file target-v7.txt (compact mmCIF, C-alpha atoms)
# COMPACT_ATOMS: atom_id res chain seq x y z
CA MET A 9 4.11 6.05 -3.41
CA ARG A 10 1.83 9.06 -4.01
CA ILE A 11 -1.83 8.99 -3.02
CA LEU A 12 -4.55 11.44 -4.04
CA VAL A 13 -7.43 11.84 -1.59
CA ALA A 14 -10.59 13.36 -3.11
CA GLU A 15 -12.78 14.22 -0.12
CA ASP A 16 -14.79 17.37 0.65
CA GLU A 17 -15.24 16.74 4.38
CA GLN A 18 -12.18 18.38 5.93
CA ARG A 19 -12.38 16.30 9.11
CA ILE A 20 -12.21 13.05 7.16
CA SER A 21 -9.54 14.20 4.70
CA ALA A 22 -7.30 15.45 7.55
CA PHE A 23 -7.73 12.13 9.40
CA VAL A 24 -6.86 10.07 6.31
CA GLU A 25 -3.95 12.32 5.37
CA LYS A 26 -2.42 12.12 8.85
CA GLY A 27 -2.64 8.33 8.89
CA LEU A 28 -1.23 7.86 5.39
CA ARG A 29 1.68 10.22 6.01
CA ALA A 30 2.49 8.33 9.21
CA ALA A 31 2.56 5.15 7.11
CA GLY A 32 5.15 6.67 4.78
CA PHE A 33 3.02 7.83 1.84
CA THR A 34 3.08 11.16 0.03
CA VAL A 35 -0.47 12.56 0.10
CA SER A 36 -2.36 15.31 -1.74
CA ILE A 37 -5.88 16.43 -0.82
CA VAL A 38 -8.51 17.87 -3.17
CA ALA A 39 -12.04 18.86 -2.15
CA ASP A 40 -14.00 18.88 -5.44
CA GLY A 41 -14.43 16.60 -8.41
CA VAL A 42 -13.03 18.91 -11.08
CA ALA A 43 -9.76 19.40 -9.18
CA ALA A 44 -9.61 15.65 -8.50
CA LEU A 45 -10.01 14.88 -12.20
CA ASP A 46 -7.21 17.29 -13.13
CA GLU A 47 -4.88 15.81 -10.51
CA ALA A 48 -5.69 12.21 -11.49
CA ARG A 49 -4.94 13.05 -15.14
CA SER A 50 -1.48 14.35 -14.19
CA GLY A 51 -0.03 10.85 -13.88
CA GLN A 52 1.71 11.75 -10.63
CA TYR A 53 -0.31 9.42 -8.40
CA ASP A 54 -0.31 5.67 -7.80
CA LEU A 55 -3.76 5.51 -6.18
CA MET A 56 -6.79 7.69 -5.48
CA VAL A 57 -9.14 7.48 -2.49
CA LEU A 58 -12.37 8.82 -3.96
CA ASP A 59 -15.51 10.11 -2.25
CA VAL A 60 -18.69 9.91 -4.35
CA GLY A 61 -20.46 13.02 -3.03
CA LEU A 62 -17.98 15.60 -4.30
CA PRO A 63 -19.05 19.11 -5.38
CA ALA A 64 -18.64 20.23 -9.01
CA LEU A 65 -18.30 16.66 -10.31
CA ASP A 66 -19.44 13.58 -8.39
CA GLY A 67 -17.10 10.65 -7.83
CA PHE A 68 -18.91 8.20 -10.10
CA SER A 69 -18.89 10.63 -13.04
CA LEU A 70 -15.23 11.39 -12.39
CA LEU A 71 -14.35 7.71 -12.43
CA GLU A 72 -16.31 7.13 -15.63
CA VAL A 73 -14.37 9.91 -17.35
CA LEU A 74 -11.02 8.52 -16.21
CA ARG A 75 -11.75 4.98 -17.38
CA ARG A 76 -13.18 6.22 -20.68
CA GLU A 77 -9.91 8.07 -21.26
CA GLY A 78 -7.93 4.92 -20.52
CA ASN A 79 -6.57 6.17 -17.20
CA SER A 80 -5.72 3.12 -15.07
CA ILE A 81 -4.95 4.82 -11.74
CA ALA A 82 -5.99 2.53 -8.87
CA VAL A 83 -9.16 3.87 -7.22
CA ILE A 84 -10.66 3.01 -3.85
CA VAL A 85 -14.14 4.51 -3.47
CA LEU A 86 -14.74 5.69 0.11
CA THR A 87 -18.32 6.83 0.56
CA ALA A 88 -21.38 6.84 2.81
CA ARG A 89 -23.41 5.25 0.00
CA ASP A 90 -23.93 1.67 1.11
CA ALA A 91 -26.79 0.56 -1.15
CA ALA A 92 -25.99 -2.56 -3.17
CA ARG A 93 -26.73 -0.75 -6.44
CA ASP A 94 -24.12 1.90 -5.60
CA VAL A 95 -21.48 -0.70 -4.74
CA VAL A 96 -22.20 -2.58 -7.97
CA ARG A 97 -22.12 0.62 -10.02
CA GLY A 98 -18.82 1.73 -8.51
CA LEU A 99 -17.14 -1.58 -9.27
CA GLU A 100 -18.66 -1.88 -12.73
CA ILE A 101 -17.42 1.55 -13.86
CA GLY A 102 -13.88 0.74 -12.79
CA ALA A 103 -13.26 1.12 -9.05
CA ASN A 104 -10.64 -1.27 -7.74
CA ASP A 105 -12.27 -1.37 -4.31
CA TYR A 106 -15.27 0.06 -2.46
CA MET A 107 -15.45 1.01 1.23
CA VAL A 108 -18.39 2.42 3.16
CA LYS A 109 -18.22 5.16 5.81
CA PRO A 110 -17.88 5.05 8.75
CA PHE A 111 -14.67 3.10 8.32
CA ARG A 112 -11.64 1.84 10.23
CA PHE A 113 -8.40 3.44 9.12
CA ASP A 114 -6.39 0.23 9.53
CA GLU A 115 -8.74 -1.50 7.07
CA LEU A 116 -8.40 1.37 4.58
CA LEU A 117 -4.61 1.20 4.93
CA ALA A 118 -4.60 -2.56 4.36
CA ARG A 119 -6.72 -2.16 1.22
CA ILE A 120 -4.49 0.62 -0.09
CA ARG A 121 -1.40 -1.53 0.39
CA LEU A 122 -3.08 -4.43 -1.38
CA ARG A 123 -3.99 -2.31 -4.40
CA LEU A 124 -0.53 -0.76 -4.53
CA LYS A 125 1.02 -4.22 -4.53
CA ASP A 126 -1.12 -4.98 -7.59
CA VAL A 127 0.21 -1.82 -9.23
CA GLN A 128 3.81 -2.72 -8.39
CA SER A 129 3.41 -6.28 -9.63
CA GLU A 130 2.11 -5.02 -12.98
CA SER A 131 4.91 -2.50 -13.46
CA VAL A 132 7.82 -4.40 -11.90
CA GLY A 133 8.22 -8.09 -12.63
CA SER A 134 10.95 -8.78 -10.10
CA LEU A 135 13.23 -7.23 -7.50
CA THR A 136 16.94 -8.03 -7.34
CA ALA A 137 19.73 -7.30 -4.89
CA ARG A 138 23.08 -8.92 -5.63
CA ASP A 139 22.22 -12.61 -6.18
CA LEU A 140 18.86 -12.39 -4.41
CA GLU A 141 15.78 -12.21 -6.65
CA LEU A 142 12.05 -11.94 -5.85
CA ASP A 143 9.61 -12.65 -8.67
CA LEU A 144 6.56 -10.56 -7.76
CA LYS A 145 4.24 -12.37 -10.15
CA THR A 146 5.03 -15.99 -9.35
CA ARG A 147 6.04 -15.19 -5.72
CA ARG A 148 9.20 -17.25 -6.17
CA VAL A 149 12.49 -16.42 -4.48
CA SER A 150 15.99 -17.43 -5.53
CA VAL A 151 19.30 -17.02 -3.73
CA ALA A 152 22.37 -17.43 -5.94
CA GLY A 153 20.23 -19.33 -8.42
CA ARG A 154 18.78 -21.64 -5.76
CA GLN A 155 15.06 -21.44 -5.11
CA VAL A 156 13.96 -21.04 -1.49
CA ASP A 157 10.51 -21.29 0.03
CA LEU A 158 9.22 -18.27 1.94
CA SER A 159 5.93 -17.97 3.76
CA ALA A 160 3.61 -15.15 2.67
CA ARG A 161 4.75 -12.97 5.57
CA GLU A 162 8.44 -13.72 4.97
CA PHE A 163 7.99 -12.81 1.31
CA ALA A 164 6.28 -9.52 2.25
CA LEU A 165 9.12 -8.70 4.64
CA ALA A 166 11.77 -9.51 2.01
CA GLU A 167 9.89 -7.38 -0.52
CA GLU A 168 9.83 -4.43 1.89
CA PHE A 169 13.58 -4.68 2.43
CA MET A 170 14.27 -4.98 -1.30
CA ASN A 171 12.12 -1.97 -2.09
CA HIS A 172 14.38 0.03 0.26
CA PRO A 173 17.94 -1.31 -0.18
CA ASP A 174 20.57 0.18 2.17
CA GLN A 175 17.83 2.06 4.02
CA VAL A 176 17.31 1.54 7.74
CA LEU A 177 13.75 0.41 8.47
CA SER A 178 12.52 0.66 12.05
CA ARG A 179 10.44 -1.97 13.86
CA GLU A 180 7.47 0.39 13.70
CA GLN A 181 7.81 0.90 9.94
CA LEU A 182 8.04 -2.83 9.33
CA LEU A 183 5.05 -3.56 11.58
CA SER A 184 2.97 -0.96 9.78
CA ARG A 185 4.00 -1.84 6.23
CA VAL A 186 4.21 -5.65 6.44
CA TRP A 187 1.61 -6.52 9.07
CA GLY A 188 -0.64 -3.54 8.44
CA LEU A 189 -2.00 -3.40 11.99
CA ASP A 190 -1.00 -1.88 15.30
CA PHE A 191 0.67 -4.66 17.25
CA ASP A 192 1.48 -4.64 20.95
CA PRO A 193 4.62 -2.48 21.27
CA GLY A 194 6.10 -5.32 23.31
CA SER A 195 5.63 -7.82 20.49
CA ASN A 196 8.79 -9.37 19.05
CA VAL A 197 7.15 -10.45 15.77
CA VAL A 198 9.55 -8.36 13.66
CA GLU A 199 12.61 -9.84 15.33
CA VAL A 200 11.21 -13.35 14.91
CA TYR A 201 10.54 -12.93 11.18
CA VAL A 202 13.85 -11.23 10.53
CA ARG A 203 15.47 -14.29 12.09
CA TYR A 204 13.40 -16.60 9.88
CA LEU A 205 14.34 -14.58 6.78
CA ARG A 206 18.04 -14.54 7.64
CA ALA A 207 18.01 -18.32 7.99
CA LYS A 208 16.62 -18.66 4.46
CA ILE A 209 18.40 -15.94 2.44
CA GLY A 210 21.63 -15.57 4.41
CA ALA A 211 22.31 -14.00 7.78
CA ASP A 212 24.79 -11.46 6.37
CA ARG A 213 22.23 -9.82 4.08
CA ILE A 214 20.14 -8.13 6.80
CA GLU A 215 22.09 -5.90 9.15
CA THR A 216 20.90 -4.89 12.60
CA VAL A 217 21.42 -1.17 13.19
CA ARG A 218 21.41 -0.92 16.97
CA GLY A 219 18.66 1.28 18.35
CA MET A 220 17.31 2.06 14.88
CA GLY A 221 16.15 -1.07 13.03
CA TYR A 222 17.30 -3.25 10.15
CA ARG A 223 18.91 -2.70 6.76
CA LEU A 224 19.28 -4.87 3.66
CA LYS A 225 22.92 -4.59 2.63
call {"tool": "encode", "arguments": {"input": "target-v7.txt", "output": "structure tokens"}}
result
Amino acid sequence: MRILVAEDEQRISAFVEKGLRAAGFTVSIVADGVAALDEARSGQYDLMVLDVGLPALDGFSLLEVLRREGNSIAVIVLTARDAARDVVRGLEIGANDYMVKPFRFDELLARIRLRLKDVQSESVGSLTARDLELDLKTRRVSVAGRQVDLSAREFALAEEFMNHPDQVLSREQLLSRVWGLDFDPGSNVVEVYVRYLRAKIGADRIETVRGMGYRLK
């Protein structure tokens, strides 16, 4: 997933970029509204984090142009403007979300993941691997034609594995992508939920790669 960050404060853009790259995203930074508009028009990005107070072209005007052109890129406004009228304006002209500075990075990351899931659900109806199928719209799961019930967290974990078939995913990656928060390094929540998932979809489907993590075969 590619994310465009339109932010003219270098300290903030560097902080956001570092965190997003650590979470596995590809990130591009632009520092003015005209460059941000050009990049957003390119179609290369899945989501834009947009500051309002950009030089050359402010964030609200930029967003209005994009939506008028029919550009549906997901946009999270990240700004110091906290007045109710600004929040309402941002959402009414087409922002998918609105966050006020100062902000917590883990909350921004959680919101980004939520909006990207919306994007994925719209573009991909289901995920399949052998006889395992996840319907992203109805949130139903079937194994060899038999429906199984997964909790919301089990579904999110299965979705993460199926988005990366045959790829080893570490505990840290799974914690970050599925739980979205920094858990106690000593926590065994990943192991517990992998065990739950194996019991429901088949123990042979998720392989433990010793010292590295887990892989959906």
call {"tool": "residues_around", "arguments": {"input": "target-v7.txt", "residues": "segment 35-46 of chain A", "least_positions_apart": "6", "cutoff": "6 Å", "atoms": "only C-alpha atoms", "output": "list in words"}}
result
Arg10, Ile11, Leu12, Val13, Ala14, Glu15, Asp16, Leu62, Pro63, Ala64, Leu65 and Asp66 of chain A
call {"tool": "atom_distance", "arguments": {"input": "target-v7.txt", "atom1": "atom CA of Phe33 of chain A", "atom2": "atom CA of Leu224 of chain A"}}
result
20.7 Å
call {"tool": "atom_distance", "arguments": {"input": "target-v7.txt", "atom1": "atom CA of Arg121 of chain A", "atom2": "atom CA of Gln52 of chain A"}}
result
17.5 Å
call {"tool": "closest_residue", "arguments": {"input": "target-v7.txt", "among": "A:Leu182, A:Tyr222, A:Leu71, A:Asp105", "to": "Ala48 of chain A", "atoms": "only C-alpha atoms"}}
result
A:Leu71
call {"tool": "atom_distance", "arguments": {"input": "target-v7.txt", "atom1": "atom CA of Val95 of chain A", "atom2": "atom CA of Gly51 of chain A"}}
result
26.0 Å
call {"tool": "closest_residue", "arguments": {"input": "target-v7.txt", "among": "A:Asp54, A:Asp143, A:Asp174, A:Asp157", "to": "Met9 of chain A", "atoms": "all atoms listed in the file"}}
result
A:Asp54
call {"tool": "closest_residue", "arguments": {"input": "target-v7.txt", "among": "A:Ser159, A:Leu117, A:Val60, A:Ile84", "to": "Ala30 of chain A", "atoms": "all atoms listed in the file"}}
result
A:Leu117
call {"tool": "closest_residue", "arguments": {"input": "target-v7.txt", "among": "A:Val202, A:Glu215, A:His172, A:Gly102", "to": "Glu77 of chain A", "atoms": "all atoms listed in the file"}}
result
A:Gly102
call {"tool": "closest_residue", "arguments": {"input": "target-v7.txt", "among": "A:Tyr204, A:Phe169, A:Tyr106, A:Trp187", "to": "Ala92 of chain A", "atoms": "only C-alpha atoms"}}
result
A:Tyr106
call {"tool": "build_atoms", "arguments": {"input": "target-v7.txt", "residues": "segment 131-154 of chain A", "atoms": "N, CA, C and O atoms", "output": "mmCIF file, in the coordinates of the input"}}
result
data_model
loop_
_atom_site.group_PDB
_atom_site.id
_atom_site.type_symbol
_atom_site.label_atom_id
_atom_site.label_comp_id
_atom_site.auth_asym_id
_atom_site.auth_seq_id
_atom_site.Cartn_x
_atom_site.Cartn_y
_atom_site.Cartn_z
ATOM 1 N N SER A 131 3.865 -3.337 -12.864
ATOM 2 C CA SER A 131 4.910 -2.500 -13.460
ATOM 3 C C SER A 131 6.313 -3.052 -13.247
ATOM 4 O O SER A 131 7.226 -2.763 -14.012
ATOM 5 N N VAL A 132 6.498 -3.840 -12.202
ATOM 6 C CA VAL A 132 7.820 -4.400 -11.900
ATOM 7 C C VAL A 132 7.687 -5.901 -11.773
ATOM 8 O O VAL A 132 6.997 -6.399 -10.890
ATOM 9 N N GLY A 133 8.338 -6.645 -12.655
ATOM 10 C CA GLY A 133 8.220 -8.090 -12.630
ATOM 11 C C GLY A 133 8.977 -8.737 -11.497
ATOM 12 O O GLY A 133 8.539 -9.735 -10.941
ATOM 13 N N SER A 134 10.135 -8.159 -11.147
ATOM 14 C CA SER A 134 10.950 -8.780 -10.100
ATOM 15 C C SER A 134 11.806 -7.721 -9.426
ATOM 16 O O SER A 134 12.010 -6.624 -9.943
ATOM 17 N N LEU A 135 12.299 -8.071 -8.249
ATOM 18 C CA LEU A 135 13.230 -7.230 -7.500
ATOM 19 C C LEU A 135 14.518 -8.016 -7.318
ATOM 20 O O LEU A 135 14.489 -9.215 -7.026
ATOM 21 N N THR A 136 15.653 -7.364 -7.502
ATOM 22 C CA THR A 136 16.940 -8.030 -7.340
ATOM 23 C C THR A 136 17.867 -7.213 -6.461
ATOM 24 O O THR A 136 17.837 -5.984 -6.474
ATOM 25 N N ALA A 137 18.678 -7.913 -5.702
ATOM 26 C CA ALA A 137 19.730 -7.300 -4.890
ATOM 27 C C ALA A 137 20.872 -8.305 -4.821
ATOM 28 O O ALA A 137 20.719 -9.383 -4.239
ATOM 29 N N ARG A 138 21.977 -7.969 -5.467
ATOM 30 C CA ARG A 138 23.080 -8.920 -5.630
ATOM 31 C C ARG A 138 22.534 -10.203 -6.255
ATOM 32 O O ARG A 138 21.958 -10.159 -7.343
ATOM 33 N N ASP A 139 22.700 -11.343 -5.616
ATOM 34 C CA ASP A 139 22.220 -12.610 -6.180
ATOM 35 C C ASP A 139 20.900 -13.063 -5.561
ATOM 36 O O ASP A 139 20.533 -14.224 -5.624
ATOM 37 N N LEU A 140 20.178 -12.109 -4.972
ATOM 38 C CA LEU A 140 18.860 -12.390 -4.410
ATOM 39 C C LEU A 140 17.806 -11.831 -5.346
ATOM 40 O O LEU A 140 17.871 -10.669 -5.756
ATOM 41 N N GLU A 141 16.819 -12.649 -5.730
ATOM 42 C CA GLU A 141 15.780 -12.210 -6.650
ATOM 43 C C GLU A 141 14.401 -12.635 -6.153
ATOM 44 O O GLU A 141 14.194 -13.777 -5.751
ATOM 45 N N LEU A 142 13.448 -11.672 -6.187
ATOM 46 C CA LEU A 142 12.050 -11.940 -5.850
ATOM 47 C C LEU A 142 11.223 -11.726 -7.104
ATOM 48 O O LEU A 142 11.238 -10.640 -7.677
ATOM 49 N N ASP A 143 10.531 -12.761 -7.539
ATOM 50 C CA ASP A 143 9.610 -12.650 -8.670
ATOM 51 C C ASP A 143 8.237 -12.281 -8.105
ATOM 52 O O ASP A 143 7.608 -13.084 -7.427
ATOM 53 N N LEU A 144 7.787 -11.058 -8.379
ATOM 54 C CA LEU A 144 6.560 -10.560 -7.760
ATOM 55 C C LEU A 144 5.303 -11.181 -8.355
ATOM 56 O O LEU A 144 4.238 -11.109 -7.745
ATOM 57 N N LYS A 145 5.416 -11.777 -9.521
ATOM 58 C CA LYS A 145 4.240 -12.370 -10.150
ATOM 59 C C LYS A 145 4.056 -13.822 -9.733
ATOM 60 O O LYS A 145 2.956 -14.257 -9.407
ATOM 61 N N THR A 146 5.142 -14.574 -9.729
ATOM 62 C CA THR A 146 5.030 -15.990 -9.350
ATOM 63 C C THR A 146 5.258 -16.200 -7.862
ATOM 64 O O THR A 146 5.011 -17.293 -7.343
ATOM 65 N N ARG A 147 5.749 -15.142 -7.160
ATOM 66 C CA ARG A 147 6.040 -15.190 -5.720
ATOM 67 C C ARG A 147 7.147 -16.184 -5.414
ATOM 68 O O ARG A 147 7.208 -16.757 -4.339
ATOM 69 N N ARG A 148 8.065 -16.369 -6.374
ATOM 70 C CA ARG A 148 9.200 -17.250 -6.170
ATOM 71 C C ARG A 148 10.430 -16.442 -5.775
ATOM 72 O O ARG A 148 10.606 -15.304 -6.175
ATOM 73 N N VAL A 149 11.290 -17.076 -4.994
ATOM 74 C CA VAL A 149 12.490 -16.420 -4.480
ATOM 75 C C VAL A 149 13.701 -17.294 -4.808
ATOM 76 O O VAL A 149 13.651 -18.513 -4.646
ATOM 77 N N SER A 150 14.769 -16.671 -5.277
ATOM 78 C CA SER A 150 15.990 -17.430 -5.530
ATOM 79 C C SER A 150 17.176 -16.715 -4.900
ATOM 80 O O SER A 150 17.256 -15.492 -4.888
ATOM 81 N N VAL A 151 18.077 -17.519 -4.351
ATOM 82 C CA VAL A 151 19.300 -17.020 -3.730
ATOM 83 C C VAL A 151 20.459 -17.700 -4.447
ATOM 84 O O VAL A 151 20.599 -18.926 -4.387
ATOM 85 N N ALA A 152 21.252 -16.899 -5.157
ATOM 86 C CA ALA A 152 22.370 -17.430 -5.940
ATOM 87 C C ALA A 152 21.917 -18.558 -6.873
ATOM 88 O O ALA A 152 22.581 -19.579 -7.004
ATOM 89 N N GLY A 153 20.757 -18.357 -7.487
ATOM 90 C CA GLY A 153 20.230 -19.330 -8.420
ATOM 91 C C GLY A 153 19.490 -20.494 -7.796
ATOM 92 O O GLY A 153 18.933 -21.342 -8.510
ATOM 93 N N ARG A 154 19.456 -20.551 -6.482
ATOM 94 C CA ARG A 154 18.780 -21.640 -5.760
ATOM 95 C C ARG A 154 17.447 -21.147 -5.229
ATOM 96 O O ARG A 154 17.393 -20.134 -4.540
#
